[in-house]
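**Q** So that you have it, the file is query03.pdb, and it contains PDB, C-alpha atoms:
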ATOM      1  CA  MET Q 320      39.065 108.676 161.430
ATOM      2  CA  SER Q 321      36.462 109.985 163.761
ATOM      3  CA  THR Q 322      38.475 109.926 166.973
ATOM      4  CA  ALA Q 323      40.703 112.500 165.472
ATOM      5  CA  ASP Q 324      42.699 114.422 167.977
ATOM      6  CA  GLN Q 325      44.277 111.597 169.897
ATOM      7  CA  ASP Q 326      45.318 109.787 166.782
ATOM      8  CA  TRP Q 327      47.683 112.333 165.348
ATOM      9  CA  GLY Q 328      51.397 111.986 165.781
ATOM     10  CA  ASP Q 329      53.600 114.616 167.301
ATOM     11  CA  GLU Q 330      53.460 116.657 164.130
ATOM     12  CA  ALA Q 331      50.156 118.418 164.730
ATOM     13  CA  PRO Q 332      48.504 118.371 161.309
ATOM     14  CA  GLU Q 333      46.103 121.108 162.385
ATOM     15  CA  ARG Q 334      48.893 123.552 161.835
ATOM     16  CA  LEU Q 335      49.235 122.504 158.216
ATOM     17  CA  TYR Q 336      45.499 122.716 157.835
ATOM     18  CA  VAL Q 337      45.478 126.236 159.206
ATOM     19  CA  ILE Q 338      48.340 127.630 157.171
ATOM     20  CA  THR Q 339      47.005 126.171 153.942
ATOM     21  CA  ARG Q 340      43.489 127.220 154.980
ATOM     22  CA  GLY Q 341      42.311 123.681 154.521
ATOM     23  CA  ARG Q 342      43.246 123.395 150.910
ATOM     24  CA  GLY Q 343      45.492 121.108 148.981
ATOM     25  CA  GLY Q 344      46.975 117.816 149.968
ATOM     26  CA  PRO Q 345      49.180 115.266 148.292
ATOM     27  CA  ALA Q 346      46.483 114.112 145.908
ATOM     28  CA  GLY Q 347      45.991 117.541 144.385
ATOM     29  CA  ARG Q 348      47.589 118.143 141.054
ATOM     30  CA  THR Q 349      49.780 121.175 141.132
ATOM     31  CA  ALA Q 350      51.809 123.154 138.705
ATOM     32  CA  PHE Q 351      54.855 122.798 140.927
ATOM     33  CA  ASP Q 352      57.442 120.099 140.619
ATOM     34  CA  LEU Q 353      59.928 119.345 143.400
ATOM     35  CA  VAL Q 354      62.543 121.106 141.304
ATOM     36  CA  THR Q 355      60.541 124.075 140.044
ATOM     37  CA  LEU Q 356      62.729 127.082 140.833
ATOM     38  CA  ILE Q 357      61.036 129.877 142.761
ATOM     39  CA  VAL Q 358      62.224 133.493 142.848
ATOM     40  CA  SER Q 359      60.655 136.307 144.898
ATOM     41  CA  ARG Q 360      59.223 139.184 142.955
ATOM     42  CA  SER Q 361      58.143 141.302 145.926
ATOM     43  CA  GLU Q 362      58.962 142.010 149.556
ATOM     44  CA  PRO Q 363      57.006 140.468 152.421
ATOM     45  CA  THR Q 364      54.295 142.717 153.838
ATOM     46  CA  PRO Q 365      53.476 143.022 157.557
ATOM     47  CA  THR Q 366      49.957 141.657 157.073
ATOM     48  CA  MET Q 367      51.060 138.608 155.152
ATOM     49  CA  PRO Q 368      50.818 135.181 156.807
ATOM     50  CA  PRO Q 369      54.271 134.367 158.250
ATOM     51  CA  GLU Q 370      54.849 131.336 156.039
ATOM     52  CA  HIS Q 371      54.194 133.361 152.901
ATOM     53  CA  ALA Q 372      56.551 136.033 154.181
ATOM     54  CA  ALA Q 373      59.208 133.437 154.941
ATOM     55  CA  ILE Q 374      59.050 132.118 151.377
ATOM     56  CA  LEU Q 375      59.492 135.594 149.930
ATOM     57  CA  ARG Q 376      62.408 136.200 152.291
ATOM     58  CA  ILE Q 377      64.374 133.076 151.430
ATOM     59  CA  CYS Q 378      63.688 133.151 147.688
ATOM     60  CA  GLY Q 379      65.715 136.251 146.907
ATOM     61  CA  SER Q 380      67.841 133.891 144.839
ATOM     62  CA  PRO Q 381      66.256 130.939 143.032
ATOM     63  CA  LEU Q 382      65.329 128.008 145.281
ATOM     64  CA  SER Q 383      63.643 124.766 144.344
ATOM     65  CA  VAL Q 384      60.322 123.772 145.877
ATOM     66  CA  ALA Q 385      62.160 120.957 147.666
ATOM     67  CA  GLU Q 386      64.621 123.417 149.222
ATOM     68  CA  ILE Q 387      61.809 125.714 150.353
ATOM     69  CA  SER Q 388      60.127 122.720 151.966
ATOM     70  CA  ALA Q 389      63.368 121.828 153.741
ATOM     71  CA  TYR Q 390      64.073 125.339 155.023
ATOM     72  CA  LEU Q 391      60.494 125.932 156.147
ATOM     73  CA  ARG Q 392      60.231 122.423 157.556
ATOM     74  CA  LEU Q 393      56.890 121.996 155.899
ATOM     75  CA  PRO Q 394      55.720 119.113 153.697
ATOM     76  CA  VAL Q 395      56.011 119.726 149.971
ATOM     77  CA  SER Q 396      52.248 119.390 149.611
ATOM     78  CA  ALA Q 397      51.726 122.294 152.020
ATOM     79  CA  VAL Q 398      54.436 124.405 150.431
ATOM     80  CA  THR Q 399      52.904 124.070 146.973
ATOM     81  CA  VAL Q 400      49.610 125.430 148.294
ATOM     82  CA  LEU Q 401      51.397 128.494 149.670
ATOM     83  CA  LEU Q 402      53.335 128.915 146.439
ATOM     84  CA  ALA Q 403      50.119 128.797 144.426
ATOM     85  CA  ASP Q 404      48.819 131.723 146.511
ATOM     86  CA  LEU Q 405      51.970 133.711 145.935
ATOM     87  CA  LEU Q 406      51.988 132.921 142.235
ATOM     88  CA  ASP Q 407      48.366 134.040 141.912
ATOM     89  CA  GLU Q 408      49.332 137.315 143.522
ATOM     90  CA  GLU Q 409      52.357 137.568 141.229
ATOM     91  CA  ARG Q 410      54.656 137.809 144.227
ATOM     92  CA  ILE Q 411      56.891 135.028 142.966
ATOM     93  CA  GLU Q 412      58.177 133.781 139.674
ATOM     94  CA  ALA Q 413      58.162 130.017 139.020
ATOM     95  CA  ARG Q 414      60.744 128.669 136.631
ATOM     96  CA  ALA Q 415      59.382 125.355 135.493
ATOM     97  CA  SER Q 416      61.434 122.200 135.540
ATOM     98  CA  VAL Q 417      62.409 120.852 132.179
ATOM     99  CA  PRO Q 418      59.202 119.230 130.896
ATOM    100  CA  ALA Q 419      59.160 115.450 130.823
ATOM    101  CA  ALA Q 420      57.886 115.433 127.272
ATOM    102  CA  LEU Q 421      61.161 116.839 126.053
ATOM    103  CA  LEU Q 422      63.199 114.098 127.663
ATOM    104  CA  PRO Q 423      65.519 112.583 127.010
ATOM    105  CA  ASP Q 424      67.037 115.300 124.949
ATOM    106  CA  ARG Q 425      70.604 114.789 123.850
ATOM    107  CA  ALA Q 426      71.498 118.457 124.064
ATOM    108  CA  LEU Q 427      70.299 118.579 127.664
ATOM    109  CA  LEU Q 428      72.138 115.368 128.525
ATOM    110  CA  GLU Q 429      75.306 116.724 126.963
ATOM    111  CA  ALA Q 430      75.009 119.836 129.098
ATOM    112  CA  VAL Q 431      74.584 117.732 132.237
ATOM    113  CA  MET Q 432      77.550 115.519 131.370
ATOM    114  CA  HIS Q 433      79.670 118.558 130.701
ATOM    115  CA  GLY Q 434      78.722 120.013 134.069
ATOM    116  CA  LEU Q 435      79.361 116.761 135.927
ATOM    117  CA  GLN Q 436      82.792 116.399 134.394
ATOM    118  CA  ARG Q 437      83.818 119.613 136.080
ATOM    119  CA  LEU Q 438      82.740 118.339 139.474
TER     120      LEU Q 438
ATOM    121  CA  MET V 408      67.894 123.491 165.495
ATOM    122  CA  ASP V 409      64.347 122.344 165.861
ATOM    123  CA  PHE V 410      62.777 125.736 165.415
ATOM    124  CA  ARG V 411      59.520 125.849 163.582
ATOM    125  CA  GLY V 412      58.385 129.403 163.947
ATOM    126  CA  SER V 413      58.503 131.193 160.652
ATOM    127  CA  GLU V 414      60.156 134.208 162.246
ATOM    128  CA  THR V 415      63.222 132.070 162.680
ATOM    129  CA  VAL V 416      63.220 130.422 159.260
ATOM    130  CA  LEU V 417      66.750 130.460 157.984
ATOM    131  CA  GLY V 418      67.288 130.417 154.274
ATOM    132  CA  PRO V 419      70.339 129.099 152.499
ATOM    133  CA  ALA V 420      73.791 130.246 153.560
ATOM    134  CA  SER V 421      75.127 132.897 151.204
ATOM    135  CA  ALA V 422      77.618 130.395 149.776
ATOM    136  CA  ASP V 423      74.709 128.149 148.804
ATOM    137  CA  LEU V 424      72.784 130.691 146.761
ATOM    138  CA  LEU V 425      72.066 129.914 143.132
ATOM    139  CA  PRO V 426      72.769 132.671 140.638
ATOM    140  CA  ASP V 427      69.707 134.535 139.415
ATOM    141  CA  SER V 428      70.494 133.135 135.972
ATOM    142  CA  ALA V 429      69.424 129.648 137.131
ATOM    143  CA  ALA V 430      66.543 129.036 134.759
ATOM    144  CA  ALA V 431      65.763 125.343 134.874
ATOM    145  CA  ALA V 432      66.345 122.291 136.987
ATOM    146  CA  VAL V 433      66.469 118.573 136.335
ATOM    147  CA  LYS V 434      66.316 115.727 138.806
ATOM    148  CA  VAL V 435      67.764 112.302 139.298
ATOM    149  CA  VAL V 436      66.418 109.868 141.884
ATOM    150  CA  VAL V 437      68.659 107.586 143.912
ATOM    151  CA  VAL V 438      66.690 104.561 145.080
ATOM    152  CA  GLY V 439      67.869 101.868 147.386
ATOM    153  CA  GLY V 440      67.179  99.872 150.500
ATOM    154  CA  PHE V 441      67.630 101.215 153.985
ATOM    155  CA  GLY V 442      71.259 101.811 154.936
ATOM    156  CA  VAL V 443      72.635 101.232 151.468
ATOM    157  CA  GLY V 444      74.289 104.644 151.316
ATOM    158  CA  LYS V 445      71.814 106.839 149.443
ATOM    159  CA  THR V 446      72.364 109.833 151.679
ATOM    160  CA  THR V 447      76.109 109.294 151.567
ATOM    161  CA  LEU V 448      76.059 109.317 147.775
ATOM    162  CA  VAL V 449      73.853 112.398 147.638
ATOM    163  CA  GLY V 450      76.099 114.157 150.152
ATOM    164  CA  SER V 451      79.345 113.308 148.410
ATOM    165  CA  VAL V 452      78.359 114.870 145.082
ATOM    166  CA  SER V 453      76.161 117.704 146.375
ATOM    167  CA  GLU V 454      77.458 121.264 146.432
ATOM    168  CA  ILE V 455      75.249 122.010 149.428
ATOM    169  CA  ARG V 456      74.954 120.125 152.677
ATOM    170  CA  PRO V 457      72.144 117.656 151.954
ATOM    171  CA  LEU V 458      68.721 118.917 152.959
ATOM    172  CA  THR V 459      65.741 116.963 154.148
ATOM    173  CA  THR V 460      62.216 117.431 152.992
ATOM    174  CA  GLU V 461      59.267 115.721 154.555
ATOM    175  CA  GLU V 462      55.909 114.527 153.436
ATOM    176  CA  THR V 463      53.032 113.323 155.518
ATOM    177  CA  MET V 464      51.742 109.894 154.694
ATOM    178  CA  THR V 465      48.039 109.670 155.346
ATOM    179  CA  GLU V 466      45.975 106.541 155.534
ATOM    180  CA  ALA V 467      44.386 107.345 152.208
ATOM    181  CA  GLY V 468      47.731 107.128 150.530
ATOM    182  CA  ALA V 469      49.134 104.118 152.323
ATOM    183  CA  ASP V 470      48.972 100.471 151.464
ATOM    184  CA  VAL V 471      46.825  98.998 154.181
ATOM    185  CA  ASP V 472      49.142  96.060 154.689
ATOM    186  CA  ASP V 473      52.116  98.253 155.258
ATOM    187  CA  ILE V 474      50.666 100.187 158.145
ATOM    188  CA  ALA V 475      48.635  97.382 159.634
ATOM    189  CA  GLY V 476      51.005  97.107 162.574
ATOM    190  CA  VAL V 477      51.067 100.810 163.263
ATOM    191  CA  GLU V 478      48.176 101.366 165.562
ATOM    192  CA  ARG V 479      46.375 104.549 166.413
ATOM    193  CA  LYS V 480      48.375 106.634 164.056
ATOM    194  CA  SER V 481      46.699 108.051 161.027
ATOM    195  CA  SER V 482      49.603 110.021 159.668
ATOM    196  CA  THR V 483      53.286 109.258 159.380
ATOM    197  CA  THR V 484      56.065 111.529 158.305
ATOM    198  CA  VAL V 485      58.546 110.261 155.766
ATOM    199  CA  ALA V 486      61.745 112.126 155.044
ATOM    200  CA  MET V 487      63.753 112.349 151.862
ATOM    201  CA  ASP V 488      67.286 113.704 151.583
ATOM    202  CA  PHE V 489      68.420 115.614 148.568
ATOM    203  CA  GLY V 490      71.385 117.521 147.227
ATOM    204  CA  ARG V 491      72.178 119.889 144.417
ATOM    205  CA  ILE V 492      74.767 120.259 141.672
ATOM    206  CA  SER V 493      75.020 123.402 139.564
ATOM    207  CA  ILE V 494      75.543 122.203 136.020
ATOM    208  CA  SER V 495      75.921 125.647 134.499
ATOM    209  CA  GLU V 496      74.836 129.208 135.187
ATOM    210  CA  GLU V 497      71.392 128.252 133.888
ATOM    211  CA  LEU V 498      70.935 124.586 134.728
ATOM    212  CA  VAL V 499      70.741 122.866 138.113
ATOM    213  CA  LEU V 500      70.647 119.156 138.901
ATOM    214  CA  TYR V 501      68.879 117.902 142.028
ATOM    215  CA  LEU V 502      69.542 114.473 143.404
ATOM    216  CA  PHE V 503      66.860 112.853 145.580
ATOM    217  CA  GLY V 504      67.519 109.826 147.731
ATOM    218  CA  THR V 505      64.370 107.818 148.370
ATOM    219  CA  PRO V 506      63.714 104.538 150.182
ATOM    220  CA  GLY V 507      63.216 101.468 148.058
ATOM    221  CA  GLN V 508      59.726 100.570 149.215
ATOM    222  CA  GLU V 509      57.258 101.773 146.675
ATOM    223  CA  ARG V 510      54.829 102.969 149.306
ATOM    224  CA  PHE V 511      57.223 105.839 149.916
ATOM    225  CA  TRP V 512      57.581 106.797 146.303
ATOM    226  CA  PHE V 513      54.114 107.934 145.474
ATOM    227  CA  LEU V 514      54.205 110.239 148.453
ATOM    228  CA  TRP V 515      56.403 112.405 146.408
ATOM    229  CA  ASN V 516      53.936 113.561 143.908
ATOM    230  CA  GLY V 517      55.790 113.515 140.648
ATOM    231  CA  LEU V 518      59.126 112.406 142.079
ATOM    232  CA  PHE V 519      59.768 110.263 139.033
ATOM    233  CA  GLU V 520      57.687 112.392 136.713
ATOM    234  CA  GLY V 521      60.111 114.346 134.615
ATOM    235  CA  ALA V 522      63.136 112.792 136.303
ATOM    236  CA  LEU V 523      66.000 112.178 133.903
ATOM    237  CA  GLY V 524      66.400 108.724 135.367
ATOM    238  CA  ALA V 525      67.340 106.804 138.475
ATOM    239  CA  VAL V 526      70.333 105.273 140.168
ATOM    240  CA  VAL V 527      69.612 102.010 141.975
ATOM    241  CA  LEU V 528      72.165 101.810 144.737
ATOM    242  CA  VAL V 529      72.764  98.251 145.893
ATOM    243  CA  ASP V 530      74.683  96.653 148.704
ATOM    244  CA  THR V 531      76.169  93.437 147.343
ATOM    245  CA  ARG V 532      75.860  91.852 150.802
ATOM    246  CA  ARG V 533      72.099  92.271 150.618
ATOM    247  CA  LEU V 534      71.121  92.081 146.984
ATOM    248  CA  GLU V 535      67.668  90.711 147.620
ATOM    249  CA  ILE V 536      66.319  94.030 148.852
ATOM    250  CA  SER V 537      66.988  95.502 145.413
ATOM    251  CA  PHE V 538      64.793  93.128 143.418
ATOM    252  CA  ASP V 539      61.584  94.936 144.156
ATOM    253  CA  VAL V 540      63.046  98.358 143.401
ATOM    254  CA  ILE V 541      64.327  97.239 140.013
ATOM    255  CA  GLY V 542      61.028  95.608 139.102
ATOM    256  CA  ARG V 543      59.097  98.725 139.985
ATOM    257  CA  LEU V 544      61.329 101.002 137.948
ATOM    258  CA  GLU V 545      60.995  98.697 134.964
ATOM    259  CA  ASP V 546      57.212  98.703 135.372
ATOM    260  CA  ARG V 547      57.167 102.460 135.430
ATOM    261  CA  GLY V 548      59.511 102.790 132.491
ATOM    262  CA  VAL V 549      62.068 104.812 134.459
ATOM    263  CA  PRO V 550      65.533 104.359 132.944
ATOM    264  CA  PHE V 551      68.164 103.467 135.525
ATOM    265  CA  VAL V 552      71.699 102.318 136.129
ATOM    266  CA  VAL V 553      72.757 100.047 138.981
ATOM    267  CA  ALA V 554      75.556 101.218 141.251
ATOM    268  CA  ALA V 555      77.058  98.689 143.642
ATOM    269  CA  ASN V 556      78.228 100.538 146.711
ATOM    270  CA  VAL V 557      81.400  98.762 147.732
ATOM    271  CA  PHE V 558      81.669  98.292 151.463
ATOM    272  CA  PRO V 559      84.952  97.031 152.923
ATOM    273  CA  GLU V 560      83.545  93.580 153.570
ATOM    274  CA  SER V 561      81.509  93.388 150.362
ATOM    275  CA  PRO V 562      81.915  90.245 148.317
ATOM    276  CA  THR V 563      83.350  91.110 144.913
ATOM    277  CA  TYR V 564      81.135  90.064 142.067
ATOM    278  CA  ALA V 565      82.003  90.088 138.441
ATOM    279  CA  GLN V 566      79.668  92.442 136.647
ATOM    280  CA  GLU V 567      77.977  89.597 134.826
ATOM    281  CA  GLU V 568      77.392  87.681 138.058
ATOM    282  CA  LEU V 569      75.701  90.746 139.459
ATOM    283  CA  ARG V 570      73.635  91.131 136.311
ATOM    284  CA  LEU V 571      72.502  87.567 136.584
ATOM    285  CA  ALA V 572      71.759  87.833 140.297
ATOM    286  CA  LEU V 573      69.660  90.966 139.751
ATOM    287  CA  ASP V 574      68.118  89.657 136.542
ATOM    288  CA  LEU V 575      69.054  92.837 134.709
ATOM    289  CA  PRO V 576      68.650  93.367 130.977
ATOM    290  CA  VAL V 577      71.971  93.360 129.106
ATOM    291  CA  ASP V 578      71.870  97.041 128.296
ATOM    292  CA  VAL V 579      71.457  98.316 131.859
ATOM    293  CA  PRO V 580      74.852  99.592 133.042
ATOM    294  CA  ILE V 581      76.305  98.306 136.294
ATOM    295  CA  VAL V 582      79.022 100.310 137.984
ATOM    296  CA  ALA V 583      80.904  99.813 141.206
ATOM    297  CA  CYS V 584      81.206 102.867 143.411
ATOM    298  CA  ASP V 585      82.313 104.148 146.750
ATOM    299  CA  ALA V 586      79.436 106.385 147.759
ATOM    300  CA  ARG V 587      81.699 108.336 150.107
ATOM    301  CA  VAL V 588      83.924 109.576 147.303
ATOM    302  CA  ARG V 589      82.791 112.509 145.200
ATOM    303  CA  GLU V 590      84.520 111.384 141.990
ATOM    304  CA  SER V 591      83.015 107.946 142.369
ATOM    305  CA  GLY V 592      79.523 109.351 142.856
ATOM    306  CA  ARG V 593      80.032 111.675 139.911
ATOM    307  CA  ASP V 594      81.026 108.705 137.736
ATOM    308  CA  VAL V 595      77.779 106.948 138.665
ATOM    309  CA  LEU V 596      75.818 109.985 137.477
ATOM    310  CA  LEU V 597      77.893 110.153 134.318
ATOM    311  CA  ALA V 598      77.182 106.474 133.654
ATOM    312  CA  LEU V 599      73.471 107.265 133.926
ATOM    313  CA  MET V 600      73.798 110.234 131.543
ATOM    314  CA  HIS V 601      75.705 108.164 128.974
ATOM    315  CA  TYR V 602      73.071 105.467 129.193
ATOM    316  CA  LEU V 603      70.273 108.010 128.732
ATOM    317  CA  TYR V 604      72.181 109.508 125.857
ATOM    318  CA  ASP V 605      72.294 106.140 124.122
ATOM    319  CA  LEU V 606      68.607 105.569 124.846
ATOM    320  CA  ALA V 607      67.801 108.915 123.266
ATOM    321  CA  GLY V 608      68.605 107.279 119.940
ATOM    322  CA  PRO V 609      71.266 107.746 117.333
ATOM    323  CA  SER V 610      69.564 110.513 115.372
ATOM    324  CA  PRO V 611      70.951 113.840 116.528
ATOM    325  CA  VAL V 612      68.445 116.455 117.620
ATOM    326  CA  ARG V 613      70.077 118.996 115.444
TER     327      ARG V 613
END
How does this structure look as C-alpha cells?
**A**
Amino acid sequence: MSTADQDWGDEAPERLYVITRGRGGPAGRTAFDLVTLIVSRSEPTPTMPPEHAAILRICGSPLSVAEISAYLRLPVSAVTVLLADLLDEERIEARASVPAALLPDRALLEAVMHGLQRL
Amino acid sequence: MDFRGSETVLGPASADLLPDSAAAAVKVVVVGGFGVGKTTLVGSVSEIRPLTTEETMTEAGADVDDIAGVERKSSTTVAMDFGRISISEELVLYLFGTPGQERFWFLWNGLFEGALGAVVLVDTRRLEISFDVIGRLEDRGVPFVVAANVFPESPTYAQEELRLALDLPVDVPIVACDARVRESGRDVLLALMHYLYDLAGPSPVR
C-alpha cells in the first residue's frame, strides 16, 4: 500500500520494523518453532537493545518461543528475528522441538500418556 | 496491564518456571469454531494461566475474499491462546487453541508442522461450523480426534449419529467432554494420544 501511515491499525507496525531492523516477517523460514525452548546463556548488557535484554532476563529458566512472544507482547515472527540475533551471538541456547520426522514415535507417545495420567 | 515498554516486561511467575532439565517440547493444536470452548479447554488442563500470543496478518498473507469488507486496514492482529503441561522433568506439552478458519492457521508458521496431532472441539448445537475444519485437517494429513463439548442445553447425540453428521472416518475417535473440567480435558488429550499410538503401527520401535 502506498498510502501507508494512515492505513495501519492501532498496533504501529513501525515499531516492529525498528526492533527487528527491517528483517524477517511471517514468510521467512526460521529455525524456531513455537515450542522451541529458549534458555539464556548470558546476562543482558547495558548497550543491548531493550527487547534483546528482556528476552535474556525472562529466559533464566527454559521458555518456549510462544511464551516469550506472550510475555513480550510481540508477534512470534518478530520474536524469532530477535532470537536469531541472540543465537548468533551465542547468548541463548535453543532446545529444538521434537522433529516432525520422528513422529509419531510410540516411546514419545507413551511418555506423554504417562504424564497426562498424572494430571 | 497493557504495558509495552520492555523495561516493564514481566516474565513468568516463579511458580510457572520450567526446570532447567526441560529439554524438548511437543505441541497439540485445539481447533474449533468461535465460542466453542477452545480457551476453556486449554485453561482447564494447563498448569499455567493461559497466555496469548499474537501474530500480524498482512494483506500478503490473507485471502482477499476474507478481508474484502475490512477497509483501509492493511494489517490485522490475530490472537491465539495456549497453555502448558509438564509431562516429565524433560518433556513439555504445549496446547494451542486456534480459530477454525484456515486463514488464521497459516499465520502461525509451522503451527501444525511437527504437532503431534489436533483436537477438533465441536459444539453439537452448531455442528456445521466444524465441517470445514475437519476437511482441512484431513487435507493436510493432521491426525485428530473430535471432542464434543457438552453444553447444558446441548442435544445428546449417539456417537454414531455424530460420526455420520460430521462424515468422519470410522477410525477417528469421538469423545464427549466438559471443557471446564480438567479430568475431562485430560481424557480428550489421552484419547488423541491413544489414537496416535495406534496410528504409529503395531511394530514396536524397540
**Q** Wanna dump the chain V-chain Q contacts at 6 Å for me, each residue with its shortest atom pair and the distance in Å to one decimal, counting only C-alpha atoms, ordered by chain and number, as CSV?
**A**
residue,atom,partner,partner_atom,distance
V:Ser413,CA,Q:Pro369,CA,5.8
V:Gly418,CA,Q:Ile377,CA,4.9
V:Leu425,CA,Q:Pro381,CA,5.9
V:Asp427,CA,Q:Ser380,CA,5.8
V:Ala431,CA,Q:Ser416,CA,5.4
V:Ala432,CA,Q:Ser416,CA,5.1
V:Thr459,CA,Q:Ala389,CA,5.4
V:Thr460,CA,Q:Ala389,CA,4.6
V:Glu461,CA,Q:Pro394,CA,5.0
V:Glu462,CA,Q:Pro394,CA,4.6
V:Arg479,CA,Q:Asp326,CA,5.4
V:Lys480,CA,Q:Asp326,CA,5.2
V:Ile494,CA,Q:Gly434,CA,4.3
V:Gly521,CA,Q:Ala419,CA,4.1
V:Tyr604,CA,Q:Arg425,CA,5.9
V:Ala607,CA,Q:Pro423,CA,5.7
**Q** Can you tell me which residues surround range 442-458 of chain V at a distance of at most 8 Å, considering all atoms listed in the file, apart from same-chain residues fewer than 6 positions away, and format the answer as a ChimeraX atom specification?
**A** /Q:386,389,438 /V:423,488-493,502-505,528-530,556,586-590,592-593
**Q** Would you work out the distance separating CA of Gly440 in chain V from CA of Pro506 in chain V, expressed in Å to one decimal?
**A**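 Distance between the two atoms: 5.8 Å.
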**Q** Kindly indicate which residue among V:Ser591, V:Val436, V:Val540, V:Thr531 lies nearest to Ala565 in chain V, using all atoms listed in the file for the distances.
**A** V:Thr531
**Q** Edge lengths and centre, in Å to one decimal, as lines of an AutoDock Vina configuration file: that's what I need for the box along x, y and z that holds all listed atoms of range 546-560 of chain V plus 5 Å on each side.
**A**
center_x = 71.1
center_y = 99.2
center_z = 143.0
size_x = 37.8
size_y = 21.2
size_z = 31.1
**Q** For CA of Gly517 in chain V and CA of Glu545 in chain V, quote the distance in Å rounded to one decimal.
**A**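 CA of Gly517 in chain V sits 16.7 Å away from CA of Glu545 in chain V.
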**Q** Quick one: distance from CA of Ile581 in chain V to CA of Asp605 in chain V in Å, one decimal?
**A**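 One can read the CA of Ile581 in chain V to CA of Asp605 in chain V distance as 15.0 Å.
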**Q** Near Asp404 in chain Q, counting all atoms listed in the file, which residues have an atom at most 12 Å away, once you skip same-chain residues fewer than 3 positions from it, shown as a list in words?
**A**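 Near Asp404 in chain Q, the qualifying residues are Ile338, Thr339, Arg340, Arg342, Gly343, Thr349, Ala350, Met367, Pro368, Glu370, His371, Ala372, Ile374, Leu375, Ala397, Val398, Thr399, Val400, Leu401, Asp407, Glu408, Glu409, Arg410, Ile411 and Glu412 of chain Q.
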**Q** Restricted to C-alpha atoms, what would the selected residues look like written as a PDB file, in the frame of the given file?
**A**
ATOM      1  CA  ILE Q 338      48.340 127.630 157.171  1.00  0.00           C
ATOM      2  CA  THR Q 339      47.005 126.171 153.942  1.00  0.00           C
ATOM      3  CA  ARG Q 340      43.489 127.220 154.980  1.00  0.00           C
ATOM      4  CA  ARG Q 342      43.246 123.395 150.910  1.00  0.00           C
ATOM      5  CA  GLY Q 343      45.492 121.108 148.981  1.00  0.00           C
ATOM      6  CA  THR Q 349      49.780 121.175 141.132  1.00  0.00           C
ATOM      7  CA  ALA Q 350      51.809 123.154 138.705  1.00  0.00           C
ATOM      8  CA  MET Q 367      51.060 138.608 155.152  1.00  0.00           C
ATOM      9  CA  PRO Q 368      50.818 135.181 156.807  1.00  0.00           C
ATOM     10  CA  GLU Q 370      54.849 131.336 156.039  1.00  0.00           C
ATOM     11  CA  HIS Q 371      54.194 133.361 152.901  1.00  0.00           C
ATOM     12  CA  ALA Q 372      56.551 136.033 154.181  1.00  0.00           C
ATOM     13  CA  ILE Q 374      59.050 132.118 151.377  1.00  0.00           C
ATOM     14  CA  LEU Q 375      59.492 135.594 149.930  1.00  0.00           C
ATOM     15  CA  ALA Q 397      51.726 122.294 152.020  1.00  0.00           C
ATOM     16  CA  VAL Q 398      54.436 124.405 150.431  1.00  0.00           C
ATOM     17  CA  THR Q 399      52.904 124.070 146.973  1.00  0.00           C
ATOM     18  CA  VAL Q 400      49.610 125.430 148.294  1.00  0.00           C
ATOM     19  CA  LEU Q 401      51.397 128.494 149.670  1.00  0.00           C
ATOM     20  CA  ASP Q 407      48.366 134.040 141.912  1.00  0.00           C
ATOM     21  CA  GLU Q 408      49.332 137.315 143.522  1.00  0.00           C
ATOM     22  CA  GLU Q 409      52.357 137.568 141.229  1.00  0.00           C
ATOM     23  CA  ARG Q 410      54.656 137.809 144.227  1.00  0.00           C
ATOM     24  CA  ILE Q 411      56.891 135.028 142.966  1.00  0.00           C
ATOM     25  CA  GLU Q 412      58.177 133.781 139.674  1.00  0.00           C
TER      26      GLU Q 412
END
